[in-house]
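Source file: start04.txt. Holds: compact mmCIF, C-alpha atoms.
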```txt
# COMPACT_ATOMS: atom_id res chain seq x y z
CA MET A 736 11.84 -16.77 14.53
CA GLN A 737 13.91 -16.97 17.66
CA HIS A 738 16.96 -18.79 16.30
CA HIS A 739 17.45 -16.82 13.05
CA ILE A 740 20.17 -14.67 14.54
CA VAL A 741 21.35 -13.27 11.19
CA LEU A 742 17.82 -12.16 10.30
CA ARG A 743 17.34 -10.58 13.71
CA VAL A 744 20.60 -8.63 13.65
CA VAL A 745 20.13 -7.50 10.04
CA THR A 746 16.54 -6.43 10.71
CA LYS A 747 17.61 -4.41 13.74
CA LEU A 748 20.23 -2.66 11.60
CA LEU A 749 17.90 -2.13 8.67
CA CYS A 750 14.81 -0.83 10.47
CA GLY A 751 16.38 2.53 11.25
CA LEU A 752 17.73 2.85 7.73
CA ILE A 753 14.32 2.00 6.25
CA VAL A 754 12.68 4.73 8.34
CA LEU A 755 15.40 7.17 7.27
CA PHE A 756 14.87 6.22 3.61
CA ALA A 757 11.11 6.73 4.07
CA PHE A 758 11.74 10.27 5.30
CA TYR A 759 14.09 10.87 2.37
CA VAL A 760 11.47 9.70 -0.13
CA GLN A 761 8.82 11.74 1.68
CA PHE A 762 10.57 15.09 1.80
CA HIS A 763 12.64 14.69 -1.34
CA GLY A 764 9.65 13.86 -3.52
CA ASP A 765 9.91 17.25 -5.25
CA TYR A 766 13.35 16.40 -6.56
CA SER A 767 13.50 12.64 -7.02
CA PRO A 768 11.10 9.79 -7.72
CA GLY A 769 8.71 9.07 -4.94
CA GLY A 770 6.41 11.03 -2.72
CA GLY A 771 3.94 10.56 0.08
CA PHE A 772 2.47 7.26 -1.08
CA GLN A 773 5.78 5.46 -1.56
CA ALA A 774 7.20 6.96 1.63
CA GLY A 775 4.16 5.81 3.59
CA VAL A 776 4.55 2.27 2.32
CA ILE A 777 8.28 2.21 3.11
CA MET A 778 7.64 3.59 6.60
CA ALA A 779 5.04 0.87 7.23
CA VAL A 780 7.47 -1.76 5.92
CA ALA A 781 9.96 -0.89 8.66
CA PHE A 782 7.41 -1.79 11.33
CA ILE A 783 6.12 -4.81 9.40
CA ALA A 784 9.64 -6.22 9.01
CA TYR A 785 10.19 -5.75 12.72
CA ALA A 786 6.89 -7.48 13.52
CA VAL A 787 7.64 -10.40 11.18
CA VAL A 788 11.16 -11.07 12.44
CA PHE A 789 10.53 -10.40 16.14
CA ASN A 790 6.86 -10.54 17.04
CA LEU A 791 3.70 -8.51 16.84
CA GLU A 792 3.72 -7.50 20.50
CA MET A 793 7.18 -5.96 20.24
CA ALA A 794 6.21 -4.02 17.11
CA GLN A 795 3.02 -2.83 18.76
CA LYS A 796 5.02 -1.53 21.71
CA VAL A 797 6.73 0.85 19.26
CA MET A 798 3.63 1.57 17.15
CA PRO A 799 0.41 0.56 18.93
CA ALA A 800 -2.57 -0.30 16.75
CA ARG A 801 -4.62 2.61 18.07
CA VAL A 802 -1.84 5.04 17.03
CA ALA A 803 -1.85 3.52 13.53
CA HIS A 804 -5.64 4.00 13.32
CA LYS A 805 -5.30 7.64 14.35
CA LEU A 806 -2.44 8.22 11.87
CA ALA A 807 -4.70 6.99 9.06
CA ALA A 808 -7.30 9.62 9.95
CA LEU A 809 -4.73 12.33 10.72
CA GLY A 810 -3.26 12.20 7.20
CA VAL A 811 -6.60 12.84 5.51
CA LEU A 812 -7.14 15.66 8.02
CA ILE A 813 -3.76 17.21 7.11
CA TYR A 814 -4.59 17.00 3.39
CA GLY A 815 -8.11 18.39 3.75
CA GLY A 816 -6.90 20.94 6.31
CA THR A 817 -4.37 22.30 3.79
CA GLY A 818 -7.27 23.00 1.45
CA VAL A 819 -9.32 24.64 4.20
CA VAL A 820 -6.38 26.83 5.26
CA SER A 821 -5.93 28.02 1.67
CA MET A 822 -9.64 28.89 1.67
CA LEU A 823 -9.21 30.85 4.92
CA PHE A 824 -6.58 32.97 3.15
CA GLY A 825 -9.19 33.82 0.55
CA TYR A 826 -7.98 31.48 -2.20
CA THR A 827 -9.81 28.48 -3.68
CA PHE A 828 -9.67 25.02 -2.08
CA LEU A 829 -6.15 23.52 -2.38
CA ASP A 830 -4.75 26.60 -4.16
CA TYR A 831 -1.25 26.57 -2.69
CA GLY A 832 -0.53 30.10 -3.90
CA ALA A 833 -2.17 31.12 -0.62
CA PHE A 834 0.84 30.10 1.47
CA GLN A 835 3.18 32.74 0.05
CA PRO A 836 1.11 35.29 -1.87
CA GLY A 837 4.09 37.29 -3.16
CA HIS A 838 5.83 34.24 -4.59
CA PRO A 839 3.31 31.68 -5.94
CA SER A 840 5.83 28.95 -6.73
CA HIS A 841 7.17 29.03 -3.14
CA GLY A 842 3.59 28.72 -1.96
CA GLN A 843 3.27 25.68 -4.22
CA HIS A 844 6.31 24.13 -2.53
CA TRP A 845 4.76 24.58 0.91
CA GLY A 846 1.44 23.20 -0.26
CA ILE A 847 2.98 20.17 -1.96
CA LEU A 848 5.04 19.44 1.17
CA ALA A 849 1.90 19.59 3.34
CA VAL A 850 -0.33 17.40 1.18
CA GLU A 851 2.43 14.85 0.56
CA LEU A 852 2.88 14.64 4.32
CA GLY A 853 -0.84 14.00 4.63
CA VAL A 854 -0.69 11.21 2.02
CA GLY A 855 2.37 9.66 3.68
CA VAL A 856 0.83 9.67 7.16
CA THR A 857 -2.42 8.14 5.93
CA VAL A 858 -0.69 5.41 3.91
CA THR A 859 1.57 4.50 6.86
CA GLY A 860 -1.44 4.29 9.15
CA VAL A 861 -3.58 2.30 6.73
CA MET A 862 -0.87 -0.20 5.78
CA LEU A 863 -0.07 -0.86 9.44
CA THR A 864 -3.78 -1.07 10.28
CA ILE A 865 -4.34 -3.70 7.59
CA PHE A 866 -1.22 -5.64 8.61
CA TYR A 867 -2.20 -5.59 12.30
CA ALA A 868 -5.77 -6.58 11.45
CA PHE A 869 -4.55 -9.66 9.56
CA THR A 870 -1.77 -10.78 11.86
CA SER A 871 -3.47 -10.23 15.21
CA ARG A 872 -6.05 -12.90 14.33
CA VAL A 873 -3.69 -15.87 14.32
CA PRO A 874 -0.69 -17.05 16.28
CA SER A 875 2.52 -15.99 14.52
CA ILE A 876 3.78 -18.31 11.79
CA SER A 877 5.99 -21.02 13.25
CA ASP A 878 9.57 -21.46 12.05
CA GLU A 879 8.95 -24.81 10.37
CA GLU A 880 6.40 -23.31 8.01
CA TRP A 881 8.69 -20.74 6.40
CA MET B 670 19.47 -2.50 -26.24
CA ASN B 671 16.05 -1.40 -24.97
CA THR B 672 14.35 -3.91 -27.24
CA LEU B 673 16.53 -6.67 -25.83
CA ILE B 674 15.65 -5.69 -22.24
CA ASP B 675 11.96 -5.57 -23.17
CA ILE B 676 12.12 -9.04 -24.71
CA VAL B 677 13.96 -10.52 -21.72
CA VAL B 678 11.65 -8.93 -19.12
CA PHE B 679 8.48 -9.85 -21.03
CA THR B 680 9.70 -13.45 -21.40
CA MET B 681 10.33 -13.60 -17.66
CA LEU B 682 6.87 -12.08 -17.03
CA VAL B 683 5.15 -14.73 -19.14
CA THR B 684 7.22 -17.50 -17.51
CA THR B 685 6.24 -16.23 -14.05
CA ALA B 686 2.57 -16.07 -15.07
CA LEU B 687 2.70 -19.65 -16.38
CA ALA B 688 4.42 -20.78 -13.18
CA VAL B 689 1.65 -19.13 -11.13
CA VAL B 690 -0.96 -21.03 -13.14
CA ARG B 691 0.88 -24.36 -12.89
CA THR B 692 1.78 -24.43 -9.20
CA HIS B 693 -0.62 -25.72 -6.55
CA SER B 694 1.26 -24.37 -3.55
CA LEU B 695 -0.35 -21.07 -2.56
CA PHE B 696 2.85 -20.00 -0.83
CA ALA B 697 4.72 -20.32 -4.14
CA THR B 698 1.89 -18.45 -5.89
CA VAL B 699 2.20 -15.51 -3.50
CA MET B 700 5.97 -15.37 -3.92
CA LEU B 701 5.68 -15.61 -7.71
CA SER B 702 3.17 -12.75 -7.80
CA GLY B 703 5.73 -10.72 -5.89
CA VAL B 704 8.27 -11.60 -8.58
CA PHE B 705 5.71 -10.62 -11.23
CA SER B 706 5.31 -7.19 -9.61
CA LEU B 707 9.05 -6.69 -9.44
CA LEU B 708 9.40 -7.55 -13.14
CA SER B 709 6.59 -5.09 -13.98
CA ALA B 710 8.50 -2.47 -11.99
CA LEU B 711 11.53 -3.18 -14.20
CA LEU B 712 9.36 -2.61 -17.27
CA PHE B 713 8.20 0.74 -15.88
CA VAL B 714 11.83 1.72 -15.34
CA THR B 715 12.65 0.98 -18.98
CA LEU B 716 9.69 3.23 -19.89
CA ASP B 717 11.21 6.00 -17.70
CA ALA B 718 8.19 5.91 -15.39
CA VAL B 719 10.32 5.68 -12.25
CA ASP B 720 7.60 6.95 -9.91
CA VAL B 721 5.23 4.20 -11.04
CA ALA B 722 8.05 1.64 -10.84
CA PHE B 723 8.77 2.77 -7.29
CA THR B 724 5.13 2.33 -6.30
CA GLU B 725 4.88 -1.04 -8.02
CA ALA B 726 8.01 -2.32 -6.26
CA ALA B 727 6.94 -1.02 -2.84
CA VAL B 728 3.26 -1.93 -2.98
CA GLY B 729 3.07 -4.84 -5.44
CA ALA B 730 6.22 -6.70 -4.46
CA GLY B 731 6.42 -5.55 -0.85
CA ILE B 732 3.19 -4.87 1.00
CA SER B 733 0.81 -7.06 -1.01
CA THR B 734 3.12 -10.06 -0.67
CA VAL B 735 3.18 -9.60 3.09
CA LEU B 736 -0.60 -9.16 3.25
CA MET B 737 -1.14 -12.24 1.07
CA LEU B 738 1.14 -14.21 3.40
CA GLY B 739 -0.94 -12.94 6.32
CA THR B 740 -4.05 -14.16 4.52
CA LEU B 741 -2.39 -17.54 3.86
CA ALA B 742 -1.73 -17.90 7.57
CA LEU B 743 -5.50 -17.53 8.10
CA THR B 744 -6.48 -20.02 5.38
CA ALA B 745 -5.04 -23.10 3.70
CA ARG B 746 -1.53 -23.55 2.38
CA SER B 747 -2.26 -25.37 -0.86
CA GLU B 748 -4.92 -25.17 -3.51
CA LYS B 749 -7.90 -27.54 -3.37
CA PRO B 750 -8.05 -29.85 -6.42
CA SER B 751 -10.80 -28.68 -8.73
CA SER B 752 -13.85 -30.95 -8.86
CA HIS B 753 -15.33 -29.82 -12.18
CA SER B 754 -13.91 -29.91 -15.69
CA PRO B 755 -11.59 -27.05 -16.68
CA LEU B 756 -13.29 -26.72 -20.10
CA ILE B 757 -15.74 -23.87 -19.36
CA PRO B 758 -13.23 -21.72 -17.41
CA LEU B 759 -10.72 -22.25 -20.22
CA LEU B 760 -13.30 -21.13 -22.77
CA VAL B 761 -14.17 -18.02 -20.74
CA VAL B 762 -10.47 -17.15 -20.37
CA LEU B 763 -9.80 -17.67 -24.08
CA VAL B 764 -12.77 -15.51 -25.14
CA THR B 765 -11.86 -12.74 -22.67
CA GLY B 766 -8.24 -12.88 -23.78
CA ALA B 767 -9.22 -12.69 -27.44
CA VAL B 768 -11.43 -9.65 -26.74
CA LEU B 769 -8.59 -7.97 -24.85
CA VAL B 770 -6.09 -8.67 -27.62
CA TYR B 771 -8.62 -7.30 -30.14
CA GLY B 772 -8.90 -4.21 -27.95
CA THR B 773 -5.15 -3.63 -27.99
CA LEU B 774 -5.12 -3.45 -31.81
CA ASP B 775 -6.42 0.13 -31.63
CA MET B 776 -3.93 1.13 -28.95
CA PRO B 777 -0.71 3.00 -29.76
CA ALA B 778 2.50 0.95 -29.92
CA PHE B 779 4.38 0.07 -26.71
CA GLY B 780 6.33 3.14 -25.59
CA ASP B 781 5.06 5.28 -28.49
CA ALA B 782 6.02 8.92 -27.92
CA LEU B 783 3.16 10.10 -30.15
CA ALA B 784 0.44 8.28 -28.19
CA PRO B 785 -2.61 10.44 -27.32
CA ALA B 786 -1.69 10.28 -23.63
CA MET B 787 1.65 11.89 -24.49
CA THR B 788 0.26 14.63 -26.72
CA HIS B 789 -2.95 15.66 -24.91
CA VAL B 790 -2.19 17.56 -21.67
CA ALA B 791 1.33 16.30 -20.95
CA PRO B 792 3.16 18.93 -23.11
CA ASP B 793 1.10 21.62 -21.38
CA TYR B 794 2.16 20.39 -17.91
CA ILE B 795 5.79 20.14 -19.00
CA ALA B 796 5.71 23.67 -20.41
CA ARG B 797 3.91 25.27 -17.46
CA SER B 798 5.25 23.53 -14.37
CA PRO B 799 8.79 25.04 -14.30
CA ALA B 800 7.29 28.53 -14.04
CA GLU B 801 4.19 27.77 -11.98
CA ILE B 802 5.33 25.06 -9.56
CA ASP B 803 9.12 25.05 -9.98
CA VAL B 804 9.82 21.54 -8.70
CA PRO B 805 12.17 19.33 -10.73
CA ASN B 806 9.97 16.22 -10.44
CA ILE B 807 6.99 17.10 -12.65
CA VAL B 808 5.15 13.95 -11.55
CA THR B 809 4.98 15.32 -8.00
CA ALA B 810 3.87 18.71 -9.33
CA ILE B 811 1.03 17.10 -11.28
CA LEU B 812 -0.07 14.73 -8.51
CA ALA B 813 0.01 17.17 -5.64
CA SER B 814 -0.83 20.47 -7.30
CA TYR B 815 -2.50 20.28 -10.73
CA ARG B 816 -4.34 17.10 -9.73
CA GLY B 817 -4.61 17.90 -6.03
CA PHE B 818 -8.31 17.02 -5.90
CA ASP B 819 -7.67 13.57 -7.39
CA THR B 820 -4.93 12.88 -4.87
CA LEU B 821 -7.22 13.99 -2.05
CA GLY B 822 -9.76 11.50 -3.37
CA GLU B 823 -7.12 8.77 -3.53
CA THR B 824 -6.03 9.46 0.03
CA ALA B 825 -9.67 9.24 1.12
CA VAL B 826 -9.97 5.90 -0.75
CA VAL B 827 -6.88 4.52 1.00
CA PHE B 828 -8.31 5.68 4.33
CA THR B 829 -11.71 4.13 3.58
CA ALA B 830 -10.09 0.84 2.55
CA GLY B 831 -8.14 0.71 5.81
CA MET B 832 -11.23 1.44 7.87
CA SER B 833 -13.23 -1.21 5.99
CA VAL B 834 -10.60 -3.85 6.73
CA LEU B 835 -10.62 -2.74 10.34
CA LEU B 836 -14.40 -3.09 10.56
CA LEU B 837 -14.43 -6.47 8.84
CA ILE B 838 -11.59 -8.45 10.36
CA SER B 839 -10.08 -6.54 13.23
CA GLY B 840 -10.61 -7.05 16.91
CA ARG B 841 -9.98 -10.01 19.11
CA ARG B 842 -11.80 -13.11 18.00
CA ILE B 843 -13.98 -14.47 20.81
CA THR B 844 -13.51 -18.22 21.06
CA ARG B 845 -16.44 -20.52 21.64
CA ALA B 846 -15.26 -21.34 25.17
CA GLU B 847 -15.00 -17.66 26.09
CA ALA B 848 -18.41 -16.92 24.60
CA GLU B 849 -20.02 -19.72 26.65
CA LYS B 850 -18.22 -18.60 29.77
CA GLY B 851 -19.42 -15.05 29.18
CA ALA B 852 -23.01 -16.26 28.61
CA THR B 853 -23.12 -18.35 31.81
CA GLY B 854 -21.49 -15.52 33.75
CA ASN B 855 -24.21 -13.13 32.60
CA ALA B 856 -26.94 -15.63 33.37
CA LYS B 857 -25.54 -16.10 36.86
CA GLY B 858 -25.38 -12.34 37.30
CA THR B 859 -29.06 -11.87 36.38
CA ASP B 860 -30.06 -14.76 38.65
CA ASP B 861 -28.29 -13.08 41.56
CA ALA B 862 -29.95 -9.78 40.77
CA ILE B 863 -33.39 -11.39 40.71
CA GLY B 864 -32.59 -13.24 43.93
CA ASP B 865 -31.52 -10.00 45.62
CA GLY B 866 -34.68 -8.29 44.45
CA SER B 867 -36.93 -11.03 45.82
CA ASP B 868 -35.13 -11.02 49.17
CA GLU B 869 -35.82 -7.33 49.63
CA THR B 870 -39.50 -7.68 48.88
```
Show the structure stored in the file as structure tokens.
Amino acid sequence: MQHHIVLRVVTKLLCGLIVLFAFYVQFHGDYSPGGGFQAGVIMAVAFIAYAVVFNLEMAQKVMPARVAHKLAALGVLIYGGTGVVSMLFGYTFLDYGAFQPGHPSHGQHWGILAVELGVGVTVTGVMLTIFYAFTSRVPSISDEEW
Amino acid sequence: MNTLIDIVVFTMLVTTALAVVRTHSLFATVMLSGVFSLLSALLFVTLDAVDVAFTEAAVGAGISTVLMLGTLALTARSEKPSSHSPLIPLLVVLVTGAVLVYGTLDMPAFGDALAPAMTHVAPDYIARSPAEIDVPNIVTAILASYRGFDTLGETAVVFTAGMSVLLLISGRRITRAEAEKGATGNAKGTDDAIGDGSDET
């Protein structure tokens, strides 16, 4: 897509905004629609849009495939780890009251933030992993075919 | 007003579905399924299920369209003409559709506030979450806290799906030429090794 200058400029402008919106959806999930899953997808879309308009190599310079694979595992680890930490404090698995014993609803906020982060990280990693797996098998789609 | 929106969106949904059935270009099919997802997202918005609408728009219209396009790049661009008669598939579809429509007769009306799903545990969550969780978006409170185990399971499913795709289709494809080159290289290597061994003895 070398000669689509409008697409290239707009994508460059939008990628940062998409990432910013992903963070908004991620950390504002308590107050507005959205949460980890949606944020993860939006975050992955920023890299996918970049890879589609420029090329896969340039996107993989920013987010290498091996990093995406590790992100997928890291998110599940964050989620499960939150449960284990609450157990270490003497509460049941995933009982967020453990994070602020004097004020259970604040503990809930911390817990929800942590597990949503885990979901978001996993979804970003998995979506990018799947996209990379598909697109790294073939030469990129030529301009005539769009 | 809501009824009007429902009618318009449902008409567009059915039109899109018919267009998907009629077209033979797979590229158009992928794009139309993206449109279908976006229209479903609109329906969810009219039902006040904004979280679901958000997911449908991001995943259904966004990511799956891209992944389907990626799949198209690996396969053909247009549908193969069917070689057998469409009679049996049509019959199967009609029977399945009739059974599904029969099944919906027992379901509560579209958007019914007195549906069992609305009266079972939902009032309990709505009553308890301001005091217990204290986050304005009750959907997040339910997903991450009350149903934390389910969400952990879902995250594990997403992770497993990603790893399965990775195992199945990732990695550099070895072309036939490279494979043959590798095979002859190995054969040469073993020959040399044998030769070296015999020289020493």
* **A:Ala807 surroundings by only C-alpha atoms, 9 Å radius, close-in-sequence under 2 positions cut, as a PyMOL selection string** => (chain A and resi 802-805+809-811+856-862+864) or (chain B and resi 827-828+831-832)
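Comparing the minimum interatomic distances between A:Val760 and each of B:Asp717, B:Gly703, B:Thr724, B:Met681, counting all atoms listed in the file, we find that B:Thr724 sits nearest.
One finds atom CA of B:Ala710 at 5.8 Å from atom CA of B:Ala726.
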* To do: Can you check which residues of chain B have any atom within 8 Å of chain A? Use only C-alpha atoms and format it as an MDAnalysis selection string.
  => chainID B and resid 719:720 723:724 727:728 731:732 736 739:740 742:743 800:807 809:810 813:814 817:818 821 824:825 827:828 830:832 834:835 838:842
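Within 7 Å of the point (8.4, -5.2, -10.3) in file coordinates, and counting all atoms listed in the file, lie the residues Val704, Phe705, Ser706, Leu707, Leu708, Ser709, Ala710, Leu711, Ala722, Glu725, Ala726 and Ala730 of chain B.
Atom CA of A:Phe824 to atom CA of B:Asp793 spans 28.1 Å [interatomic distance, one decimal].
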